[in-house]
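Q: Compact mmCIF, C-alpha atoms, file start.txt:
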```
# COMPACT_ATOMS: atom_id res chain seq x y z
CA MET A 1 -19.49 -58.40 70.84
CA LYS A 2 -20.18 -57.95 67.15
CA GLN A 3 -20.06 -60.89 64.76
CA THR A 4 -17.32 -61.32 62.18
CA VAL A 5 -19.40 -62.85 59.39
CA LEU A 6 -22.83 -62.11 57.99
CA ALA A 7 -26.01 -63.87 58.98
CA ALA A 8 -26.96 -66.64 56.57
CA ARG A 9 -30.28 -64.93 55.84
CA ASP A 10 -28.46 -61.87 54.44
CA VAL A 11 -26.05 -63.88 52.31
CA ASP A 12 -28.91 -66.05 51.06
CA MET A 13 -30.88 -62.93 50.20
CA VAL A 14 -28.11 -61.45 48.05
CA CYS A 15 -27.22 -64.74 46.38
CA GLU A 16 -30.83 -65.46 45.50
CA ALA A 17 -31.45 -61.94 44.15
CA THR A 18 -28.33 -62.09 41.95
CA ARG A 19 -28.42 -65.78 41.00
CA GLY A 20 -28.84 -65.11 37.28
CA LEU A 21 -25.94 -62.67 37.07
CA TRP A 22 -22.89 -64.59 38.19
CA GLU A 23 -22.29 -66.66 35.07
CA ASP A 24 -20.54 -63.64 33.56
CA LEU A 25 -17.84 -64.03 36.23
CA ARG A 26 -17.22 -67.76 35.80
CA GLY A 27 -13.48 -68.39 35.83
CA GLN A 28 -12.77 -64.65 35.87
CA HIS A 29 -10.40 -62.55 37.94
CA LEU A 30 -11.76 -59.42 39.68
CA PHE A 31 -9.92 -56.45 41.15
CA ILE A 32 -11.47 -54.37 43.94
CA THR A 33 -10.28 -51.16 45.56
CA GLY A 34 -11.91 -50.25 48.85
CA GLY A 35 -12.57 -53.95 49.33
CA THR A 36 -11.87 -53.81 53.05
CA GLY A 37 -14.37 -51.03 53.88
CA PHE A 38 -18.11 -51.24 54.56
CA PHE A 39 -19.09 -51.66 50.90
CA GLY A 40 -16.12 -53.87 50.13
CA ARG A 41 -16.74 -56.34 52.93
CA TRP A 42 -20.28 -56.93 51.73
CA LEU A 43 -19.06 -57.38 48.18
CA LEU A 44 -16.38 -59.84 49.31
CA GLU A 45 -18.70 -61.88 51.54
CA THR A 46 -21.35 -62.21 48.84
CA PHE A 47 -18.79 -62.87 46.10
CA ILE A 48 -17.25 -65.71 48.13
CA ALA A 49 -20.67 -67.18 48.81
CA ALA A 50 -21.80 -67.08 45.18
CA ASN A 51 -18.41 -68.32 43.99
CA HIS A 52 -18.71 -71.36 46.27
CA ARG A 53 -22.39 -72.13 45.69
CA LEU A 54 -22.21 -71.86 41.90
CA THR A 55 -18.69 -73.31 41.55
CA LEU A 56 -17.62 -70.29 39.54
CA GLU A 57 -13.89 -70.79 40.15
CA ALA A 58 -13.50 -67.00 40.10
CA ARG A 59 -10.84 -65.06 42.00
CA VAL A 60 -10.58 -61.57 43.44
CA THR A 61 -7.58 -59.39 44.19
CA VAL A 62 -8.21 -56.67 46.77
CA LEU A 63 -6.19 -53.49 47.20
CA THR A 64 -5.91 -52.34 50.82
CA ARG A 65 -3.71 -49.91 52.69
CA ASN A 66 -3.17 -52.38 55.53
CA PRO A 67 -3.54 -56.09 54.70
CA ALA A 68 -2.49 -57.18 58.20
CA LYS A 69 -5.13 -55.04 59.88
CA PHE A 70 -7.83 -56.38 57.59
CA ALA A 71 -6.68 -59.96 58.14
CA GLU A 72 -7.02 -59.43 61.87
CA ALA A 73 -10.49 -57.91 61.57
CA CYS A 74 -11.89 -60.31 58.94
CA PRO A 75 -9.71 -63.43 58.79
CA HIS A 76 -12.44 -65.44 57.04
CA LEU A 77 -12.25 -63.01 54.11
CA ALA A 78 -8.54 -62.21 54.05
CA ARG A 79 -7.45 -65.84 54.20
CA HIS A 80 -9.96 -67.32 51.79
CA SER A 81 -8.36 -69.16 48.90
CA SER A 82 -10.22 -67.10 46.28
CA VAL A 83 -9.03 -63.80 47.79
CA THR A 84 -5.61 -62.17 47.34
CA LEU A 85 -4.74 -59.03 49.28
CA ILE A 86 -2.18 -56.54 48.02
CA GLY A 87 -0.97 -53.59 50.05
CA GLY A 88 -0.77 -50.09 48.69
CA ASP A 89 -2.36 -46.71 48.21
CA VAL A 90 -4.89 -46.30 45.41
CA GLN A 91 -2.83 -43.45 43.91
CA THR A 92 0.45 -45.34 43.69
CA PHE A 93 -0.18 -49.10 43.98
CA ALA A 94 1.98 -51.49 42.00
CA TYR A 95 -0.04 -53.22 39.31
CA PRO A 96 -0.54 -56.94 39.94
CA ALA A 97 0.22 -59.18 36.97
CA GLY A 98 -2.40 -60.87 34.84
CA GLU A 99 -5.74 -59.98 33.28
CA PHE A 100 -8.73 -58.76 35.27
CA SER A 101 -12.08 -58.94 33.48
CA THR A 102 -13.84 -56.87 36.13
CA VAL A 103 -12.77 -53.93 38.29
CA ILE A 104 -14.76 -52.36 41.14
CA HIS A 105 -13.40 -49.01 42.29
CA ALA A 106 -14.93 -48.48 45.72
CA ALA A 107 -12.07 -46.77 47.56
CA ALA A 108 -13.26 -43.70 49.49
CA ASP A 109 -12.34 -41.48 52.41
CA VAL A 110 -14.70 -42.53 55.22
CA ALA A 111 -14.50 -39.21 57.03
CA ALA A 112 -15.26 -37.34 53.83
CA ALA A 113 -18.17 -39.62 53.01
CA ARG A 114 -19.90 -38.73 56.25
CA GLY A 115 -19.61 -35.02 55.54
CA ALA A 116 -17.51 -34.29 58.62
CA GLY A 117 -14.82 -31.67 59.11
CA ASN A 118 -12.17 -33.88 57.54
CA THR A 119 -13.64 -33.09 54.12
CA THR A 120 -11.56 -29.92 54.21
CA LYS A 121 -8.22 -31.70 54.52
CA PRO A 122 -5.75 -30.71 51.79
CA GLY A 123 -5.27 -33.17 48.98
CA LEU A 124 -8.66 -34.91 49.14
CA LEU A 125 -9.80 -33.72 45.72
CA ALA A 126 -6.51 -34.58 44.05
CA ALA A 127 -6.28 -37.93 45.83
CA THR A 128 -9.77 -38.93 44.68
CA PHE A 129 -9.06 -37.90 41.09
CA ASP A 130 -5.56 -39.38 40.91
CA GLY A 131 -6.69 -42.62 42.53
CA THR A 132 -9.48 -43.08 40.00
CA ARG A 133 -7.12 -42.29 37.12
CA ARG A 134 -4.62 -44.90 38.28
CA VAL A 135 -7.30 -47.57 38.65
CA LEU A 136 -8.67 -46.73 35.19
CA ASP A 137 -5.14 -46.93 33.73
CA PHE A 138 -4.76 -50.30 35.40
CA ALA A 139 -8.09 -51.53 34.00
CA ALA A 140 -7.35 -50.32 30.47
CA ALA A 141 -3.99 -52.13 30.52
CA HIS A 142 -5.19 -55.42 32.03
CA GLY A 143 -7.98 -56.64 29.79
CA THR A 144 -10.85 -55.23 31.85
CA ARG A 145 -14.29 -55.18 30.26
CA ARG A 146 -16.59 -54.02 33.08
CA PHE A 147 -15.50 -51.21 35.42
CA LEU A 148 -17.79 -50.17 38.27
CA MET A 149 -17.17 -46.65 39.57
CA VAL A 150 -18.67 -46.38 43.07
CA SER A 151 -19.34 -42.66 43.08
CA SER A 152 -21.65 -40.81 45.51
CA GLY A 153 -24.87 -38.85 45.78
CA ALA A 154 -22.60 -36.00 46.85
CA VAL A 155 -22.02 -35.25 43.15
CA TYR A 156 -25.37 -33.40 43.06
CA GLY A 157 -24.43 -30.82 45.66
CA PRO A 158 -27.15 -29.50 47.99
CA GLN A 159 -30.59 -30.90 47.26
CA PRO A 160 -33.10 -28.11 46.47
CA SER A 161 -35.74 -27.74 49.17
CA ALA A 162 -38.52 -28.10 46.59
CA MET A 163 -37.10 -31.38 45.28
CA THR A 164 -38.21 -34.35 47.39
CA HIS A 165 -35.97 -36.87 45.59
CA ILE A 166 -32.84 -36.28 43.49
CA PRO A 167 -32.97 -37.95 40.05
CA GLU A 168 -29.87 -38.89 38.06
CA THR A 169 -30.81 -36.21 35.53
CA TYR A 170 -30.50 -33.36 38.06
CA PRO A 171 -27.61 -31.15 36.84
CA GLY A 172 -26.75 -29.74 40.27
CA ALA A 173 -23.22 -29.73 41.60
CA PRO A 174 -21.24 -28.94 44.75
CA ASP A 175 -20.18 -25.35 45.35
CA THR A 176 -16.67 -25.18 43.93
CA CYS A 177 -15.67 -22.51 46.45
CA ALA A 178 -16.84 -24.46 49.50
CA LYS A 179 -14.04 -26.36 51.25
CA THR A 180 -16.46 -29.15 52.17
CA SER A 181 -17.17 -29.83 48.48
CA ALA A 182 -13.90 -31.68 47.86
CA TYR A 183 -15.44 -35.14 48.24
CA GLY A 184 -18.34 -34.48 45.88
CA GLU A 185 -16.15 -32.69 43.36
CA GLY A 186 -13.67 -35.56 43.46
CA LYS A 187 -16.42 -38.03 42.65
CA ARG A 188 -17.74 -35.81 39.84
CA ALA A 189 -14.27 -35.61 38.33
CA SER A 190 -13.92 -39.38 38.68
CA GLU A 191 -17.12 -39.91 36.74
CA ALA A 192 -15.81 -37.60 34.01
CA LEU A 193 -12.64 -39.70 33.87
CA CYS A 194 -14.75 -42.81 33.40
CA ALA A 195 -16.42 -41.16 30.40
CA ALA A 196 -13.02 -40.23 28.97
CA TYR A 197 -11.63 -43.76 29.37
CA SER A 198 -14.79 -45.60 28.31
CA GLY A 199 -14.23 -47.53 25.12
CA GLN A 200 -10.46 -47.84 25.52
CA SER A 201 -9.54 -51.47 24.97
CA GLY A 202 -13.23 -52.33 25.18
CA LEU A 203 -13.65 -50.84 28.66
CA GLU A 204 -17.28 -50.38 29.76
CA CYS A 205 -17.72 -48.02 32.71
CA LEU A 206 -20.69 -48.37 35.05
CA ILE A 207 -21.50 -45.65 37.57
CA ALA A 208 -23.28 -46.14 40.92
CA ARG A 209 -24.15 -43.15 43.10
CA PRO A 210 -24.70 -44.42 46.67
CA PHE A 211 -26.50 -42.38 49.34
CA ALA A 212 -26.85 -43.61 52.97
CA PHE A 213 -26.84 -47.15 54.35
CA VAL A 214 -27.06 -49.28 57.47
CA GLY A 215 -26.17 -52.88 58.20
CA PRO A 216 -23.55 -55.26 59.56
CA HIS A 217 -19.95 -54.11 59.04
CA LEU A 218 -21.05 -50.50 59.61
CA GLU A 219 -18.76 -49.14 62.31
CA LEU A 220 -20.73 -47.33 65.00
CA ASP A 221 -18.03 -44.79 65.85
CA GLN A 222 -17.42 -43.15 62.48
CA GLY A 223 -19.71 -40.14 62.91
CA PHE A 224 -22.65 -41.38 60.86
CA ALA A 225 -25.93 -40.39 62.54
CA ILE A 226 -27.55 -43.80 62.38
CA GLY A 227 -24.42 -45.49 63.72
CA ASP A 228 -24.19 -43.00 66.59
CA PHE A 229 -27.85 -43.56 67.46
CA ILE A 230 -27.56 -47.36 67.42
CA ARG A 231 -24.43 -47.25 69.57
CA SER A 232 -26.10 -45.01 72.15
CA ALA A 233 -29.26 -47.10 72.26
CA MET A 234 -27.32 -50.35 72.67
CA ALA A 235 -25.51 -48.78 75.62
CA SER A 236 -28.80 -47.42 77.05
CA GLU A 237 -27.34 -43.91 76.86
CA PRO A 238 -29.34 -40.84 75.77
CA ILE A 239 -29.32 -40.23 72.02
CA VAL A 240 -27.81 -36.84 71.21
CA ILE A 241 -28.71 -34.99 68.01
CA ARG A 242 -26.10 -32.31 67.40
CA GLY A 243 -28.30 -30.29 65.02
CA ASP A 244 -32.02 -29.51 65.10
CA GLY A 245 -33.21 -32.94 63.92
CA THR A 246 -35.00 -31.69 60.80
CA PRO A 247 -32.71 -32.86 57.93
CA LEU A 248 -34.21 -35.62 55.83
CA ARG A 249 -32.26 -38.77 55.02
CA SER A 250 -33.02 -42.28 53.82
CA TYR A 251 -31.29 -45.58 54.52
CA LEU A 252 -30.92 -48.74 52.46
CA TYR A 253 -29.95 -52.00 54.14
CA ALA A 254 -26.52 -53.29 53.17
CA ALA A 255 -27.81 -56.58 51.73
CA ASP A 256 -29.93 -54.59 49.29
CA LEU A 257 -26.86 -52.41 48.64
CA ALA A 258 -24.79 -55.46 47.68
CA THR A 259 -27.55 -56.74 45.40
CA TRP A 260 -27.83 -53.37 43.69
CA LEU A 261 -24.07 -52.96 43.17
CA TRP A 262 -23.62 -56.45 41.69
CA THR A 263 -26.61 -55.89 39.42
CA ILE A 264 -25.38 -52.50 38.22
CA LEU A 265 -21.94 -53.97 37.54
CA LEU A 266 -23.21 -56.94 35.57
CA ARG A 267 -26.42 -55.63 33.98
CA GLY A 268 -26.19 -51.84 34.06
CA ILE A 269 -25.88 -49.62 31.00
CA PRO A 270 -22.39 -48.08 30.64
CA LEU A 271 -22.18 -44.37 31.48
CA ARG A 272 -25.79 -44.31 32.66
CA PRO A 273 -25.50 -43.34 36.36
CA TYR A 274 -27.67 -45.17 38.89
CA ASN A 275 -28.71 -43.79 42.27
CA VAL A 276 -28.35 -46.41 45.00
CA GLY A 277 -30.35 -45.94 48.17
CA SER A 278 -33.80 -45.81 49.70
CA SER A 279 -36.49 -43.37 48.59
CA ASP A 280 -38.17 -43.50 52.02
CA ALA A 281 -37.32 -40.16 53.65
CA ILE A 282 -37.07 -39.83 57.41
CA SER A 283 -35.97 -36.87 59.53
CA VAL A 284 -32.97 -37.22 61.80
CA ARG A 285 -35.27 -36.71 64.80
CA GLU A 286 -37.64 -39.42 63.59
CA LEU A 287 -34.68 -41.71 62.98
CA ALA A 288 -33.49 -41.25 66.56
CA GLU A 289 -37.00 -41.98 67.83
CA LYS A 290 -37.23 -45.12 65.71
CA VAL A 291 -33.85 -46.44 66.89
CA ALA A 292 -34.80 -45.78 70.51
CA ALA A 293 -38.20 -47.43 70.15
CA ILE A 294 -36.66 -50.57 68.66
CA LEU A 295 -33.54 -50.96 70.80
CA SER A 296 -34.25 -49.14 74.07
CA PRO A 297 -37.85 -47.94 74.53
CA GLY A 298 -38.13 -44.81 76.64
CA LEU A 299 -34.54 -43.75 75.98
CA PRO A 300 -34.14 -39.93 76.24
CA ILE A 301 -33.38 -38.01 73.05
CA HIS A 302 -31.57 -34.66 73.35
CA VAL A 303 -31.73 -32.21 70.43
CA ALA A 304 -28.98 -29.59 70.60
CA GLN A 305 -30.61 -26.94 68.43
CA THR A 306 -34.12 -25.56 68.00
CA PRO A 307 -35.51 -25.65 64.44
CA HIS A 308 -35.91 -22.22 62.86
CA PRO A 309 -39.35 -21.82 61.27
CA ASP A 310 -37.98 -19.94 58.25
CA SER A 311 -35.11 -22.30 57.49
CA ALA A 312 -35.34 -24.68 54.54
CA VAL A 313 -35.14 -28.35 55.46
CA LEU A 314 -31.90 -30.00 54.36
CA GLN A 315 -32.48 -33.16 52.33
CA TYR A 316 -30.41 -36.04 50.97
CA VAL A 317 -32.84 -38.52 49.43
CA PRO A 318 -32.47 -40.24 46.02
CA ASP A 319 -34.93 -40.92 43.28
CA VAL A 320 -34.33 -44.60 42.47
CA GLN A 321 -36.83 -45.10 39.67
CA ARG A 322 -34.04 -45.69 37.15
CA CYS A 323 -32.79 -48.73 39.09
CA ALA A 324 -36.36 -49.97 39.41
CA GLN A 325 -37.16 -49.54 35.72
CA ASP A 326 -33.85 -50.58 34.13
CA LEU A 327 -32.75 -53.28 36.55
CA LYS A 328 -35.91 -54.27 38.48
CA LEU A 329 -34.23 -53.39 41.78
CA THR A 330 -36.29 -52.66 44.87
CA GLN A 331 -35.77 -52.12 48.59
CA THR A 332 -36.61 -55.40 50.32
CA VAL A 333 -35.63 -54.76 53.95
CA THR A 334 -37.50 -52.14 55.99
CA LEU A 335 -35.61 -49.58 58.01
CA SER A 336 -36.92 -51.04 61.25
CA ASP A 337 -35.65 -54.49 60.33
CA ALA A 338 -32.37 -53.01 59.11
CA ILE A 339 -31.81 -51.32 62.47
CA THR A 340 -32.56 -54.54 64.32
CA ARG A 341 -30.25 -56.65 62.15
CA THR A 342 -27.42 -54.13 62.48
CA ALA A 343 -27.72 -54.01 66.26
CA GLU A 344 -27.88 -57.81 66.48
CA TRP A 345 -24.67 -58.11 64.47
CA HIS A 346 -23.04 -55.75 66.97
CA GLY A 347 -24.16 -57.96 69.86
CA TRP A 348 -27.55 -56.53 70.84
CA GLN A 349 -30.27 -58.97 71.88
CA SER A 350 -33.91 -58.25 72.62
CA ALA A 351 -36.21 -60.37 74.71
CA THR A 352 -37.64 -61.84 71.50
CA THR A 353 -34.42 -62.18 69.55
CA SER A 354 -33.80 -65.66 68.26
CA SER A 355 -30.38 -66.79 67.22
CA HIS A 356 -29.62 -66.41 63.52
CA GLN A 357 -27.31 -68.88 61.86
CA GLU A 358 -24.19 -67.23 60.49
CA PHE A 359 -22.97 -67.81 56.99
CA SER A 360 -19.98 -70.12 57.09
CA ILE A 361 -17.17 -69.39 54.64
CA GLU A 362 -14.99 -72.36 53.93
CA ALA A 363 -11.33 -71.37 53.77
CA HIS A 364 -10.54 -73.74 50.92
```
Rewrite the coordinates I just gave you, this time as C-alpha cells.

A:
Amino acid sequence: MKQTVLAARDVDMVCEATRGLWEDLRGQHLFITGGTGFFGRWLLETFIAANHRLTLEARVTVLTRNPAKFAEACPHLARHSSVTLIGGDVQTFAYPAGEFSTVIHAAADVAAARGAGNTTKPGLLAATFDGTRRVLDFAAAHGTRRFLMVSSGAVYGPQPSAMTHIPETYPGAPDTCAKTSAYGEGKRASEALCAAYSGQSGLECLIARPFAFVGPHLELDQGFAIGDFIRSAMASEPIVIRGDGTPLRSYLYAADLATWLWTILLRGIPLRPYNVGSSDAISVRELAEKVAAILSPGLPIHVAQTPHPDSAVLQYVPDVQRCAQDLKLTQTVTLSDAITRTAEWHGWQSATTSSHQEFSIEAH
C-alpha cells in the first residue's frame, strides 16, 4: 500500500535547497489552486515543513473541488492548522476574505495534461482561460504581490524534429484547428492574461512551464506512460507500449519540481517564462526497459506498433538553461532513483530496500 506522506529525505532535500527563500513568506497568507493534485500536494507538504522548521507562522488557503475527498486521501495535509480548504470550481469560486500576498495557480485538467482523448472535451479551452482570469481578478483585489502561473510545455505545440530541446524563446504554438490543442492553447491564453494583469495593484506574475515528472503522489492509473510502466512492473505484469516506443520524453523527480517551483515563485523574474523539467531525453521504449530492469528484471515488454523508418521522432524535452543560469537550479535526482523512490512510496520493496523514515507533520 502506498504511503500517505513523503519520505523525510525528500522533504529535507526541498527544505535545504530552498532554505534562503522562505523569509519572504514569514507571517504571510498564500492561496493555491490545484493544491490537492500532484503538484499541489508536493507544494503543501514542503510548505508545511518549511513553515514548521523556520517558524514562519504563514498560512495557506487551498481551493479544491472536493474538500472531503482530499481530507480522506491526505488527512495530514487537510487537517493541518496552517491549511484551510475551501470548496469550489476555479471558474466560479467565492473569494475568501482577507489579503493574500502570494497566489499559486496550479489548477489543471489531469486528463488534458497527459494528452489523452479527453483533451477534446467541449469547454476545456474556455474553462482554462476563465479559471485563470478569475484567479487573477482575485489576486488583484486581495493584495497579492507574487502570482505564480503554472503553465505547461504544451504551449510550444509540437517540438520540431531537428530541435533536441525546446527553449523558452521558441515561438511555436499548438495547431489552432486541432481539437487536441485546447489544453496548450488554454495555457497560452492564460500566460497572455498574466501579462495583461501584471502591474495591477503591484501584481508580479511568474510563469513556470512544466514538462513531465515522476515521484510520490503520482497516481499510477491516470494514463501517464511512466505511471503505467511502474504499475505494471510492481504487479509483475508485462509492460505494454501502445505506440512504437520511439517518442522522446524526459522526467524530473517531484522533489526537484517542488524546489524549482518555489524558487521561481520567490526569485524568478516576472513575465520571464521558465521551463521546468529534465533535459535528459529517453525514448518511451528505453523508459519501459529501465523501469523493468529496476523493479522487475526480465519482465516482458510488448510494443504495439512497429517504428516506421521515414517517420520523424516525436519529442517533448525542455531546454532548462534559463533556470540553471538565472536561478541556479539543477536536476539532483537521477531517473533511476526517481523510479525507485516512486515505486517504494506505492509499496514496492526490493531485496535491498531499507526502510526510509517518513516526514512527520504535526497537526498543530

Q: Out of A:Leu6, A:Leu63, A:Leu203, A:Ala173, which residue has the shortest atom-to-atom distance to Ser152 (chain A) when counting all atoms listed in the file?

A: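 For Ser152 (chain A), the nearest of the given residues is A:Ala173.
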
Q: Can you pull out every residue within 9 Å of Leu44 (chain A), counting all atoms listed in the file, but drop anything in the same chain fewer than 3 positions away, and send it as a PyMOL selection string?

A: chain A and resi 35-36+39-41+47-49+60+77+83

Q: Go through A:Ala338, A:His52, A:Ala126, A:Ala189 one by one, measure the shortest atom-to-atom distance of each to Tyr251 (chain A) using all atoms listed in the file, and give the residue with the smallest value.

A: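 Using all atoms listed in the file, Tyr251 (chain A) sits closest to A:Ala338.
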
Q: Could you jot down the CA of Tyr197 (chain A) to CA of Gln321 (chain A) separation for me, Å, one decimal place?

A: 27.3 Å

Q: Show which residues sit within 12 Å of Gly184 (chain A), as an NGL selection string. Count all atoms listed in the file, and ignore same-chain residues fewer than 5 positions away.

A: :A and (108-109 or 112-115 or 119-120 or 124-126 or 128-129 or 151-158 or 172-176 or 178-179 or 189-191 or 209-211)

Q: In Å, how far is it from CA of Thr55 (chain A) to CA of Trp262 (chain A)?

A: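 If I compute the distance from CA of Thr55 (chain A) to CA of Trp262 (chain A), I get 17.6 Å.
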
Q: Find the residues around Thr342 (chain A) up to 9 Å (all atoms listed in the file counted), leave out those fewer than 6 positions away in its own chain, and share them as a PDB file with C-alpha atoms, in the coordinates of the input.

A:
```pdb
ATOM      1  CA  VAL A 214     -27.060 -49.280  57.470  1.00  0.00           C
ATOM      2  CA  GLY A 215     -26.170 -52.880  58.200  1.00  0.00           C
ATOM      3  CA  PRO A 216     -23.550 -55.260  59.560  1.00  0.00           C
ATOM      4  CA  HIS A 217     -19.950 -54.110  59.040  1.00  0.00           C
ATOM      5  CA  LEU A 218     -21.050 -50.500  59.610  1.00  0.00           C
ATOM      6  CA  ILE A 230     -27.560 -47.360  67.420  1.00  0.00           C
ATOM      7  CA  TYR A 253     -29.950 -52.000  54.140  1.00  0.00           C
ATOM      8  CA  TRP A 348     -27.550 -56.530  70.840  1.00  0.00           C
TER       9      TRP A 348
END
```

Q: Name all residues at most 10 Å from region 88-104 of chain A (count all atoms listed in the file; drop same-chain ones fewer than 3 positions away) and give them as a VMD selection string.

A: chain A and resid 24 to 25 27 to 35 40 43 59 to 67 85 107 to 108 126 to 150 203 to 206 261 to 262 265 to 266

Q: Take CA of Trp42 (chain A) and CA of Trp345 (chain A) and report the distance between them in Å, one decimal.

A: 13.5 Å
